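One structure is given below, encoded as structure tokens.
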Amino acid sequence: MKKVCLLFTLILTLGFALSAHASDIDLAQKSTLNSIMKRGELRCGIDSGYLPFEMTDKNGRFIGFEIDIAREMAKAMGVKFVPVNMAFDGIIPALLTDKIDIITAGMTVNSKRNLQINFADPLIVVGQTVIVNKKLEGKIKSYKDLNSPEYTLVSKLGTTGEQAAKRLLPKANYKSFETETDAALEVLNGKASAMVYDLPFNSIFMAEQGKGKLFFINKPFTYEPIAWGICKGDPDFLNFLNNFLRQIKNDGRYDKLYNKWFKSTTWRKNMQ
């Protein structure tokens, strides 16, 4: 009787193991990673205009820090890099409806987004800063000083800059724009008091156009990791992404691209 029970237990254990193995195989076959390899294309959702992450050059070609890293990933996969440019607020819906494979659009990780999609390890960590019209110099010494109805703040629609402005400076008037450049120009032209936006963009805009017209509160007042987004339920793709990012951050490729886009402005001559 004991031998029969032992045999029955072994059969059940083997059955469960085979079932689990079959489920793992099925999950791997359904992975976006598998679809990318079969298609021979990596479709990356971007929002061109976020300096220096993704932009459009004089010839209509997409360039930037995040673009270059995504190209490196496509190269590592042995597939074609296909950037799909769209409005930022439409990128998550595009991912969820299989119009793109991955979000590579300077997207900040937050809880609301993480309920809809999964994020790989952070590509880079940035935070919100403020560029302010020169007329307010001396009056505004901290971002907190802008929390008043007498000031109008601007940022880009659907971004964490917009969220930070509304959450942390609720007493100020707020106006959103389709692009960060349009928002910054509103401050430059004196039509708004200040712009709340990511450190990289504000730094570049300040250096190129802000002299004598703007001043910069450049210490970030939020912690914001930027990461690539993928659909939920895809551990194989997530594993690949995290290992790829670890590799380029330790073999010199990441540092080379970071220096190219953040420590130099020579790329600006190729911009539209």
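To be explicit about the labels: the chains of the structure tokens are called A, B, and onward in the order shown, and within each one the residues are counted from 1, while ligands get numbers from 1 in the order they are shown.
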Worksheet entry | Polymer residues at most 8 Å from region 228-243 of chain A, only C-alpha atoms, same-chain spacing of 3 or more positions, as JSON, numbers by chain | {"A": [27, 28, 31, 32, 33, 95, 96, 101, 102, 103, 104, 105, 106, 107, 116, 117, 118, 119, 120, 121, 122, 123, 246, 247]}
Discussion item. Which residues are near Ala183 (chain A)? Cut-off 8 Å, only C-alpha atoms, ignore same chain within fewer than 5 positions. Put them as a ChimeraX atom specification.
Written reply: /A:154-156,176-177,195
Which of region 153-222 of chain A fall in strand (DSSP E), as a tab-separated table (two decimals) with N, CA, C and O atoms, in the first residue's frame:
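Contents of out04.tsv, as written:
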chain	number	residue	atom	x	y	z
A	153	LEU	N	1.94	79.48	-13.74
A	153	LEU	CA	2.93	78.45	-14.01
A	153	LEU	C	2.55	77.68	-15.27
A	153	LEU	O	1.38	77.56	-15.62
A	154	VAL	N	3.56	77.16	-15.96
A	154	VAL	CA	3.33	76.38	-17.17
A	154	VAL	C	4.15	75.10	-17.12
A	154	VAL	O	5.14	75.00	-16.41
A	155	SER	N	3.71	74.12	-17.90
A	155	SER	CA	4.45	72.88	-18.08
A	155	SER	C	3.86	72.15	-19.29
A	155	SER	O	2.94	72.67	-19.93
A	156	LYS	N	4.37	70.97	-19.55
A	156	LYS	CA	3.88	70.19	-20.68
A	156	LYS	C	2.73	69.29	-20.24
A	156	LYS	O	2.78	68.68	-19.17
A	173	ASN	N	-1.85	79.95	-10.61
A	173	ASN	CA	-2.58	79.64	-11.83
A	173	ASN	C	-1.71	78.68	-12.65
A	173	ASN	O	-0.48	78.74	-12.61
A	174	TYR	N	-2.37	77.81	-13.40
A	174	TYR	CA	-1.61	76.83	-14.19
A	174	TYR	C	-2.14	76.74	-15.62
A	174	TYR	O	-3.34	76.78	-15.84
A	175	LYS	N	-1.19	76.60	-16.57
A	175	LYS	CA	-1.55	76.45	-17.97
A	175	LYS	C	-0.64	75.39	-18.60
A	175	LYS	O	0.57	75.43	-18.41
A	176	SER	N	-1.24	74.46	-19.33
A	176	SER	CA	-0.45	73.39	-19.95
A	176	SER	C	-0.24	73.64	-21.44
A	176	SER	O	-1.02	74.35	-22.09
A	177	PHE	N	0.82	73.03	-21.99
A	177	PHE	CA	1.15	73.15	-23.41
A	177	PHE	C	1.45	71.78	-24.00
A	177	PHE	O	1.85	70.87	-23.28
A	194	ALA	N	6.64	81.28	-14.52
A	194	ALA	CA	7.67	80.25	-14.40
A	194	ALA	C	7.22	78.95	-15.05
A	194	ALA	O	6.02	78.70	-15.23
A	195	MET	N	8.21	78.12	-15.37
A	195	MET	CA	7.95	76.80	-15.92
A	195	MET	C	8.49	75.73	-14.97
A	195	MET	O	9.64	75.79	-14.55
A	196	VAL	N	7.66	74.76	-14.65
A	196	VAL	CA	8.06	73.62	-13.84
A	196	VAL	C	8.32	72.45	-14.79
A	196	VAL	O	7.41	72.00	-15.49
A	197	TYR	N	9.57	71.99	-14.83
A	197	TYR	CA	9.88	70.89	-15.75
A	197	TYR	C	11.19	70.21	-15.37
A	197	TYR	O	11.92	70.66	-14.49
A	198	ASP	N	11.50	69.13	-16.09
A	198	ASP	CA	12.66	68.31	-15.79
A	198	ASP	C	13.97	69.09	-15.91
A	198	ASP	O	14.13	69.94	-16.79
A	214	LEU	N	15.74	85.07	-18.15
A	214	LEU	CA	15.27	84.08	-17.19
A	214	LEU	C	16.29	83.90	-16.08
A	214	LEU	O	17.46	84.25	-16.24
A	215	PHE	N	15.85	83.35	-14.95
A	215	PHE	CA	16.81	82.83	-13.98
A	215	PHE	C	16.35	81.43	-13.58
A	215	PHE	O	15.19	81.06	-13.76
A	216	PHE	N	17.28	80.64	-13.07
A	216	PHE	CA	17.09	79.21	-12.93
A	216	PHE	C	17.22	78.76	-11.48
A	216	PHE	O	18.24	78.96	-10.85
A	217	ILE	N	16.17	78.16	-10.96
A	217	ILE	CA	16.23	77.49	-9.65
A	217	ILE	C	16.51	76.04	-9.97
A	217	ILE	O	15.59	75.25	-10.25
Worksheet item: Tell me, which residues of region 186-271 of chain A carry DSSP helix (DSSP H, G or I), written as a PyMOL selection string?
Response: chain A and resi 186-188+199-209+235-250+253-262+266-270
Practice prompt. Go through A:Ile204, A:Ile248, A:Ile67, A:Ala227 one by one, measure the shortest atom-to-atom distance of each to Thr108 (chain A) using only C-alpha atoms, and give the residue with the smallest value.
Written response: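 For Thr108 (chain A), the nearest of the given residues is A:Ala227.
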Practice prompt. Could you give me, as a ChimeraX atom specification, the residues within 12 Å of Gly212 (chain A), counting only C-alpha atoms and dropping anything in the same chain fewer than 2 positions from it?
Written response: /A:132-135,137,188-189,206-210,214-216
Discussion item. At a cut-off of 12 Å, using only C-alpha atoms, what residues contact Arg43 (chain A)? Leave out same-chain residues fewer than 2 positions from it and give the result as a PyMOL selection string.
Written reply: chain A and resi 32-33+35-37+39-41+45-46+67+70-71+73-74+79-85+91+94-95+98-104+230
Write to file, as a compact mmCIF listing (two decimals), in the first residue's frame, the residues of the selection just made, with C-alpha atoms.
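As a result, part-v3.txt now contains:
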# COMPACT_ATOMS: atom_id res chain seq x y z
CA THR A 32 6.72 40.71 -26.43
CA LEU A 33 10.38 39.76 -26.70
CA SER A 35 7.13 38.85 -30.97
CA ILE A 36 9.95 41.36 -31.59
CA MET A 37 12.34 38.62 -32.64
CA ARG A 39 8.87 40.42 -36.54
CA GLY A 40 12.48 41.60 -36.79
CA GLU A 41 11.53 45.05 -35.51
CA GLY A 45 7.07 54.72 -28.59
CA ILE A 46 8.66 58.18 -28.42
CA ILE A 67 17.09 57.12 -28.92
CA ALA A 70 17.20 52.12 -27.79
CA ARG A 71 19.19 51.74 -31.02
CA MET A 73 19.21 47.57 -27.69
CA ALA A 74 17.78 46.86 -31.14
CA VAL A 79 16.42 43.62 -35.15
CA LYS A 80 15.48 46.92 -36.82
CA PHE A 81 14.94 49.96 -34.62
CA VAL A 82 11.53 51.52 -35.42
CA PRO A 83 10.71 54.77 -33.56
CA VAL A 84 6.99 55.53 -33.41
CA ASN A 85 6.46 59.23 -32.66
CA ILE A 91 1.85 56.48 -25.44
CA ALA A 94 -0.54 52.71 -27.70
CA LEU A 95 1.44 50.17 -25.67
CA ASP A 98 -0.03 46.65 -29.25
CA LYS A 99 0.83 49.60 -31.48
CA ILE A 100 4.30 49.69 -29.92
CA ASP A 101 6.47 47.18 -28.05
CA ILE A 102 8.02 49.49 -25.47
CA ILE A 103 7.82 53.06 -24.19
CA THR A 104 11.15 54.88 -24.62
CA ILE A 230 6.30 47.54 -21.07
Discussion item. Would you compute the distance between CA of Val187 (chain A) and CA of Val130 (chain A)? Give it in Å to one decimal.
Written reply: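 It comes out at 10.6 Å.
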Worksheet item: Of the residues A:Pro52, A:Pro149, A:Ser142, A:Ile69, which is the one nearest to Asp255 (chain A), using only C-alpha atoms?
Response: A:Ile69
May I have a table of the residues of region 41-153 of chain A lying at most 12 Å from region 166-169 of chain A, giving each one's closest pair of atoms and their distance in Å to one decimal, counting only C-alpha atoms, ordered by chain and ascending residue number, as CSV?
residue,atom,partner,partner_atom,distance
A:Gln128,CA,A:Leu168,CA,11.2
A:Val130,CA,A:Leu169,CA,12.0
A:Ser142,CA,A:Leu169,CA,11.6
A:Tyr143,CA,A:Leu169,CA,8.4
A:Lys144,CA,A:Leu169,CA,7.1
A:Asp145,CA,A:Leu169,CA,8.9
A:Leu146,CA,A:Leu169,CA,6.9
A:Asn147,CA,A:Leu169,CA,4.6
A:Ser148,CA,A:Leu169,CA,7.6
A:Pro149,CA,A:Leu169,CA,9.7
A:Glu150,CA,A:Leu169,CA,11.9
A:Tyr151,CA,A:Leu169,CA,10.1
A:Thr152,CA,A:Leu169,CA,10.4
A:Leu153,CA,A:Leu169,CA,8.9
Discussion item. With distances taken over only C-alpha atoms, which residue among A:Lys269, A:Lys211, A:Lys112, A:Lys141 lies nearest Ile92 (chain A)?
Written reply: A:Lys112
Discussion item. For a test of reading the model, state the distance in Å between CA of Lys260 (chain A) and CA of Phe65 (chain A), rounded to one decimal.
Written reply: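 Distance reported for this atom pair: 8.0 Å.
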Worksheet item: In terms of the shortest atom-to-atom distance over only C-alpha atoms, which of A:Leu136, A:Val126, A:Ile131, A:Ala76 is closest to Leu199 (chain A)?
Response: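 Smallest distance to Leu199 (chain A) is found for A:Val126.
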Worksheet item: Looking at only C-alpha atoms, which of A:Asp182, A:Ile124, A:Lys30, A:Leu115 is the one that sits closest to Lys249 (chain A)?
Response: A:Ile124
